[in-house]
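Trainee: Below is the file final_11.json, which contains JSON, C-alpha atoms.
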[["chain", "number", "residue", "atom", "x", "y", "z"],
["U", 1336, "MET", "CA", 23.15, 25.14, 29.74],
["U", 1337, "LYS", "CA", 24.55, 23.59, 25.45],
["U", 1338, "THR", "CA", 23.37, 26.72, 22.31],
["U", 1339, "GLY", "CA", 20.27, 27.65, 20.04],
["U", 1340, "MET", "CA", 22.93, 28.64, 22.74],
["U", 1341, "CYS", "CA", 27.69, 27.22, 15.21],
["U", 1342, "ALA", "CA", 29.74, 25.09, 13.27],
["U", 1343, "ALA", "CA", 28.34, 21.65, 12.57],
["U", 1344, "ALA", "CA", 31.41, 20.01, 14.07],
["U", 1345, "LEU", "CA", 30.68, 21.64, 17.40],
["U", 1346, "ALA", "CA", 26.93, 21.11, 17.49],
["U", 1347, "ALA", "CA", 27.19, 18.29, 20.03],
["U", 1348, "CYS", "CA", 29.46, 20.29, 22.33],
["U", 1349, "LEU", "CA", 27.78, 23.65, 22.48],
["U", 1350, "ALA", "CA", 25.18, 23.60, 24.79],
["U", 1351, "ALA", "CA", 24.03, 26.86, 25.21],
["U", 1352, "CYS", "CA", 20.76, 26.65, 26.42],
["U", 1353, "GLY", "CA", 16.72, 27.53, 25.09],
["U", 1354, "GLY", "CA", 13.34, 26.28, 23.46],
["U", 1355, "GLY", "CA", 9.62, 26.19, 22.80],
["U", 1356, "GLY", "CA", 7.35, 23.22, 22.46],
["U", 1357, "GLY", "CA", 3.93, 21.72, 22.64],
["U", 1358, "SER", "CA", 2.05, 20.26, 25.54],
["U", 1359, "ALA", "CA", 3.60, 17.20, 27.12],
["U", 1360, "GLY", "CA", 2.18, 14.30, 29.02],
["U", 1361, "THR", "CA", 2.47, 10.56, 29.43],
["U", 1362, "GLY", "CA", 1.04, 8.51, 26.57],
["U", 1363, "ASP", "CA", -2.35, 9.79, 25.47],
["U", 1364, "THR", "CA", -3.50, 10.85, 28.93],
["U", 1365, "PRO", "CA", -4.57, 14.52, 28.92],
["U", 1366, "LEU", "CA", -2.62, 16.76, 31.25],
["U", 1367, "THR", "CA", -4.02, 18.86, 34.03],
["U", 1368, "PRO", "CA", -3.25, 22.51, 33.21],
["U", 1369, "PRO", "CA", 0.08, 23.65, 34.68],
["U", 1370, "VAL", "CA", -0.12, 25.06, 38.18],
["U", 1371, "SER", "CA", 0.15, 28.81, 38.35],
["U", 1372, "SER", "CA", 2.98, 29.44, 40.77],
["U", 1373, "ASN", "CA", 6.65, 30.19, 40.48],
["U", 1374, "GLY", "CA", 7.76, 26.56, 40.65],
["U", 1375, "ASN", "CA", 10.80, 25.48, 42.61],
["U", 1376, "LEU", "CA", 13.26, 27.72, 40.78],
["U", 1377, "ASP", "CA", 15.65, 27.91, 43.75],
["U", 1378, "ALA", "CA", 16.44, 24.22, 43.21],
["U", 1379, "TYR", "CA", 18.21, 25.14, 39.97],
["U", 1380, "VAL", "CA", 20.31, 28.01, 41.29],
["U", 1381, "GLY", "CA", 24.03, 27.23, 41.44],
["U", 1382, "THR", "CA", 26.88, 25.96, 39.27],
["U", 1383, "TRP", "CA", 26.35, 22.79, 37.25],
["U", 1384, "ALA", "CA", 28.69, 20.79, 34.99],
["U", 1385, "SER", "CA", 27.83, 18.51, 32.07],
["U", 1386, "ALA", "CA", 29.46, 15.20, 31.26],
["U", 1387, "CYS", "CA", 32.43, 15.24, 28.91],
["U", 1388, "ALA", "CA", 31.51, 15.31, 25.22],
["U", 1389, "SER", "CA", 34.47, 15.00, 22.83],
["U", 1390, "HIS", "CA", 37.02, 17.24, 24.59],
["U", 1391, "ALA", "CA", 34.39, 19.59, 26.06],
["U", 1392, "VAL", "CA", 32.55, 20.19, 29.35],
["U", 1393, "ASP", "CA", 29.76, 22.76, 29.68],
["U", 1394, "THR", "CA", 29.50, 24.66, 32.96],
["U", 1395, "ALA", "CA", 26.14, 26.35, 33.57],
["U", 1396, "VAL", "CA", 25.86, 29.09, 36.20],
["U", 1397, "ILE", "CA", 22.18, 29.54, 37.04],
["U", 1398, "ALA", "CA", 20.84, 32.52, 39.01],
["U", 1399, "ARG", "CA", 17.50, 34.17, 39.71],
["U", 1400, "ALA", "CA", 16.91, 36.89, 37.13],
["U", 1401, "ALA", "CA", 17.09, 40.40, 38.57],
["U", 1402, "GLY", "CA", 13.69, 42.03, 39.04],
["U", 1403, "SER", "CA", 11.71, 38.84, 38.30],
["U", 1404, "SER", "CA", 10.11, 36.29, 40.59],
["U", 1405, "ASN", "CA", 9.65, 33.64, 37.90],
["U", 1406, "ALA", "CA", 12.79, 33.69, 35.73],
["U", 1407, "LEU", "CA", 16.33, 32.34, 35.73],
["U", 1408, "THR", "CA", 19.46, 33.34, 33.87],
["U", 1409, "ILE", "CA", 21.69, 30.55, 32.56],
["U", 1410, "ALA", "CA", 25.26, 31.44, 31.60],
["U", 1411, "VAL", "CA", 27.19, 28.63, 29.90],
["U", 1412, "THR", "CA", 30.97, 28.39, 29.60],
["U", 1413, "THR", "CA", 32.53, 25.54, 27.61],
["U", 1414, "THR", "CA", 35.96, 24.26, 28.62],
["U", 1415, "TYR", "CA", 37.97, 22.28, 26.06],
["U", 1416, "TYR", "CA", 40.61, 19.76, 27.09],
["U", 1417, "ALA", "CA", 43.58, 18.29, 25.23],
["U", 1418, "ASN", "CA", 42.16, 14.77, 25.42],
["U", 1419, "THR", "CA", 38.78, 13.45, 24.24],
["U", 1420, "ALA", "CA", 38.06, 12.17, 27.78],
["U", 1421, "CYS", "CA", 38.33, 15.78, 29.07],
["U", 1422, "THR", "CA", 41.64, 15.11, 30.81],
["U", 1423, "GLY", "CA", 44.98, 16.80, 30.45],
["U", 1424, "ASP", "CA", 45.53, 20.50, 29.88],
["U", 1425, "VAL", "CA", 42.72, 23.00, 29.34],
["U", 1426, "ILE", "CA", 43.40, 24.27, 25.83],
["U", 1427, "ALA", "CA", 40.45, 26.63, 25.26],
["U", 1428, "THR", "CA", 37.55, 28.34, 27.01],
["U", 1429, "GLN", "CA", 34.40, 29.51, 25.25],
["U", 1430, "VAL", "CA", 32.19, 32.24, 26.70],
["U", 1431, "TRP", "CA", 28.96, 33.79, 25.41],
["U", 1432, "SER", "CA", 28.45, 37.53, 25.87],
["U", 1433, "ALA", "CA", 24.95, 37.21, 27.39],
["U", 1434, "PRO", "CA", 23.07, 34.45, 29.23],
["U", 1435, "THR", "CA", 19.91, 32.58, 28.30],
["U", 1436, "THR", "CA", 16.76, 33.59, 30.19],
["U", 1437, "ALA", "CA", 14.31, 30.86, 31.23],
["U", 1438, "THR", "CA", 10.88, 32.06, 32.36],
["U", 1439, "TYR", "CA", 8.70, 29.67, 34.35],
["U", 1440, "VAL", "CA", 5.24, 28.94, 32.90],
["U", 1441, "GLY", "CA", 4.00, 25.93, 34.89],
["U", 1442, "THR", "CA", 4.74, 22.47, 36.30],
["U", 1443, "VAL", "CA", 3.67, 19.12, 34.86],
["U", 1444, "ALA", "CA", 4.17, 15.49, 35.85],
["U", 1445, "SER", "CA", 5.54, 13.61, 32.86],
["U", 1446, "THR", "CA", 8.30, 11.25, 31.77],
["U", 1447, "ILE", "CA", 11.77, 11.91, 30.39],
["U", 1448, "MET", "CA", 13.15, 9.85, 27.54],
["U", 1449, "PRO", "CA", 15.14, 7.74, 27.14],
["U", 1450, "GLY", "CA", 14.20, 5.48, 30.02],
["U", 1451, "SER", "CA", 10.65, 6.71, 30.72],
["U", 1452, "VAL", "CA", 11.83, 8.35, 33.96],
["U", 1453, "SER", "CA", 8.98, 9.94, 35.88],
["U", 1454, "ALA", "CA", 9.66, 13.56, 36.82],
["U", 1455, "SER", "CA", 8.12, 16.83, 37.89],
["U", 1456, "ILE", "CA", 9.04, 19.19, 35.06],
["U", 1457, "ASP", "CA", 9.09, 22.96, 35.39],
["U", 1458, "LYS", "CA", 8.08, 24.21, 31.96],
["U", 1459, "VAL", "CA", 9.89, 27.33, 30.79],
["U", 1460, "THR", "CA", 10.08, 29.68, 27.86],
["U", 1461, "ALA", "CA", 13.85, 29.85, 27.26],
["U", 1462, "GLN", "CA", 15.28, 32.58, 25.09],
["U", 1463, "GLN", "CA", 18.82, 33.31, 23.97],
["U", 1464, "PRO", "CA", 19.44, 37.03, 23.38],
["U", 1465, "GLN", "CA", 21.49, 38.53, 20.59],
["U", 1466, "ARG", "CA", 25.00, 37.59, 21.58],
["U", 1467, "SER", "CA", 28.59, 36.98, 20.51],
["U", 1468, "VAL", "CA", 31.08, 34.26, 21.41],
["U", 1469, "THR", "CA", 34.72, 34.49, 22.46],
["U", 1470, "LEU", "CA", 37.30, 31.72, 22.71],
["U", 1471, "THR", "CA", 40.57, 32.12, 24.57],
["U", 1472, "GLY", "CA", 43.51, 29.81, 25.19],
["U", 1473, "THR", "CA", 46.91, 28.85, 23.88],
["U", 1474, "PHE", "CA", 45.40, 26.50, 21.28],
["U", 1475, "VAL", "CA", 42.92, 29.09, 19.93],
["U", 1476, "SER", "CA", 43.48, 31.00, 16.70],
["U", 1477, "ARG", "CA", 41.36, 33.14, 14.38],
["U", 1478, "LYS", "CA", 40.90, 31.87, 10.84],
["U", 1479, "ILE", "CA", 38.80, 32.75, 7.81],
["U", 1480, "VAL", "CA", 36.56, 29.82, 6.90],
["U", 1481, "ASP", "CA", 34.36, 30.22, 3.79],
["U", 1482, "GLY", "CA", 34.91, 33.98, 4.02],
["U", 1483, "GLN", "CA", 33.73, 34.13, 7.64],
["U", 1484, "PRO", "CA", 35.97, 34.88, 10.65],
["U", 1485, "ASN", "CA", 36.11, 31.90, 13.02],
["U", 1486, "TRP", "CA", 37.56, 31.04, 16.39],
["U", 1487, "CYS", "CA", 39.40, 27.75, 15.89],
["U", 1488, "ILE", "CA", 40.75, 25.23, 18.39],
["U", 1489, "ASP", "CA", 43.73, 23.29, 17.10],
["U", 1490, "TYR", "CA", 43.92, 19.71, 18.33],
["U", 1491, "ALA", "CA", 46.65, 17.22, 17.49],
["U", 1492, "GLY", "CA", 44.34, 15.56, 14.95],
["U", 1493, "GLY", "CA", 42.79, 18.67, 13.44],
["U", 1494, "SER", "CA", 40.79, 21.74, 14.39],
["U", 1495, "VAL", "CA", 37.24, 22.70, 15.35],
["U", 1496, "CYS", "CA", 35.91, 26.18, 14.58],
["U", 1497, "VAL", "CA", 33.11, 28.44, 15.83],
["U", 1498, "PRO", "CA", 31.98, 31.39, 13.68],
["U", 1499, "ASP", "CA", 32.97, 34.74, 15.21],
["U", 1500, "ARG", "CA", 29.82, 36.76, 14.53],
["U", 1501, "ILE", "CA", 26.77, 38.26, 16.15],
["U", 1502, "TYR", "CA", 24.22, 35.52, 16.79],
["U", 1503, "ALA", "CA", 20.58, 36.56, 16.47],
["U", 1504, "ALA", "CA", 18.17, 36.19, 19.38],
["U", 1505, "GLU", "CA", 16.39, 32.83, 19.23],
["U", 1506, "PRO", "CA", 14.65, 30.22, 21.37],
["U", 1507, "ALA", "CA", 17.01, 27.95, 23.31],
["U", 1508, "PRO", "CA", 16.89, 24.18, 22.59],
["U", 1509, "PHE", "CA", 15.00, 23.23, 25.78],
["U", 1510, "ASP", "CA", 11.59, 24.10, 27.21],
["U", 1511, "GLY", "CA", 11.70, 22.47, 30.63],
["U", 1512, "LEU", "CA", 13.92, 21.84, 33.65],
["U", 1513, "ALA", "CA", 13.84, 18.98, 36.15],
["U", 1514, "ILE", "CA", 15.87, 17.61, 39.03],
["U", 1515, "VAL", "CA", 16.15, 13.82, 38.68],
["U", 1516, "GLY", "CA", 18.33, 11.76, 41.01],
["U", 1517, "GLY", "CA", 20.30, 14.85, 41.97],
["U", 1518, "GLU", "CA", 20.94, 15.77, 38.31],
["U", 1519, "LEU", "CA", 19.68, 18.87, 36.54],
["U", 1520, "VAL", "CA", 18.09, 17.84, 33.24],
["U", 1521, "GLU", "CA", 17.24, 20.24, 30.43],
["U", 1522, "VAL", "CA", 14.34, 18.73, 28.48],
["U", 1523, "LYS", "CA", 12.38, 19.37, 25.29],
["U", 1524, "SER", "CA", 8.74, 18.48, 24.70],
["U", 1525, "ASN", "CA", 8.13, 15.93, 21.94],
["U", 1526, "GLY", "CA", 4.34, 16.34, 22.11],
["U", 1527, "VAL", "CA", 3.81, 13.20, 24.21],
["U", 1528, "ASN", "CA", 6.45, 13.46, 26.94],
["U", 1529, "TYR", "CA", 9.94, 15.00, 27.12],
["U", 1530, "ASP", "CA", 13.35, 14.21, 25.65],
["U", 1531, "ALA", "CA", 16.53, 14.89, 27.64],
["U", 1532, "VAL", "CA", 18.64, 17.61, 25.99],
["U", 1533, "GLU", "CA", 21.55, 17.83, 28.44],
["U", 1534, "ARG", "CA", 22.31, 16.62, 31.96],
["U", 1535, "PHE", "CA", 24.35, 18.39, 34.63],
["U", 1536, "THR", "CA", 25.65, 17.57, 38.10],
["U", 1537, "LYS", "CA", 26.05, 20.25, 40.75],
["U", 1538, "ARG", "CA", 29.51, 21.48, 41.57]]
Could you quickly redo this structure as structure tokens?

Mentor:
Amino acid sequence: MKTGMCAAALAACLAACGGGGGSAGTGDTPLTPPVSSNGNLDAYVGTWASACASHAVDTAVIARAAGSSNALTIAVTTTYYANTACTGDVIATQVWSAPTTATYVGTVASTIMPGSVSASIDKVTAQQPQRSVTLTGTFVSRKIVDGQPNWCIDYAGGSVCVPDRIYAAEPAPFDGLAIVGGELVEVKSNGVNYDAVERFTKR
């Protein structure tokens, strides 16, 4: 789960997961304050895979955070394939050194855009820690790009690079989780309702 979770060319592929956000509701109807419980966090525990996005599939492993009754850890691995449809050989694997932590803060009934899909959304404060990234695979090389070391994946038509550096702690790009039609959806408040950030199916 993608990665307030990088090179502009990879922004659509990296999902590494996080976020903040304002209150969310449906239209101009005021929301009832979020319930104060621990939500249904067990529904998110497991291994989830995103749809293919230009050679890449994100796999999110979600677990209950140790020592906490209201938090999850989300570890995202990105697998790169030879073909844009995510078929053929696996040519690279990207791993972050530490997972995102999502702490439950309440549940609201709202809608997810696009499509105005009604959903029960577990609001979270999602934070990515200071972390590094590693890419491995036969098509991975290290290059200097604009004076900065990068991990680069060499495709037949070119290459895509990810800076090899220490990434500062920051909010992740989502502030809510929902299960909709069997899918896990990471969402971000837009002040009125929620926008879908990334969708996953359970493995």

Trainee: I'd like to know which of U:Tyr1502, U:Trp1431, U:Trp1486, U:Phe1474 is closest to Ala1395 (chain U), using all atoms listed in the file.

Mentor: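 Among the listed residues, U:Trp1431 lies closest to Ala1395 (chain U).
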
Trainee: How many Å separate CA of Phe1509 (chain U) from CA of Leu1376 (chain U)?

Mentor: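 Going from CA of Phe1509 (chain U) over to CA of Leu1376 (chain U), I get 15.8 Å.
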
Trainee: Check the smallest atom-to-atom distance from each of U:Ser1494, U:Ser1451, U:Ser1467, U:Thr1473 to Asp1530 (chain U) using all atoms listed in the file, then report the winner.

Mentor: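 Among the listed residues, U:Ser1451 lies closest to Asp1530 (chain U).
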
Trainee: Here is a test: counting only C-alpha atoms, which residue of U:Ile1514, U:Lys1523, U:Thr1435, U:Asn1375 is nearest to Phe1535 (chain U)?

Mentor: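 Nearest candidate to Phe1535 (chain U) out of U:Ile1514, U:Lys1523, U:Thr1435, U:Asn1375: U:Ile1514.
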
Trainee: What's the separation between CA of Pro1508 (chain U) and CA of Ala1454 (chain U), in Å to one decimal place?

Mentor: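 Between CA of Pro1508 (chain U) and CA of Ala1454 (chain U) the gap works out to 19.2 Å.
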
Trainee: Using only C-alpha atoms, pick whichever of U:Val1475, U:Cys1487, U:Val1459, U:Ile1447 has the shortest atom-to-atom distance to Gly1526 (chain U).

Mentor: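 Result for the nearest residue to Gly1526 (chain U): U:Ile1447.
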
Trainee: What separation in Å, quoted to one decimal, exists between CA of Tyr1439 (chain U) and CA of Tyr1529 (chain U)?

Mentor: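 Interatomic distance, CA of Tyr1439 (chain U) to CA of Tyr1529 (chain U): 16.4 Å.
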
Trainee: Measuring between only C-alpha atoms, which one of U:Ser1403, U:Thr1442, U:Thr1469, U:Thr1536 shows the shortest distance to Asp1510 (chain U)?

Mentor: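 That would be U:Thr1442, the residue with the smallest distance to Asp1510 (chain U).
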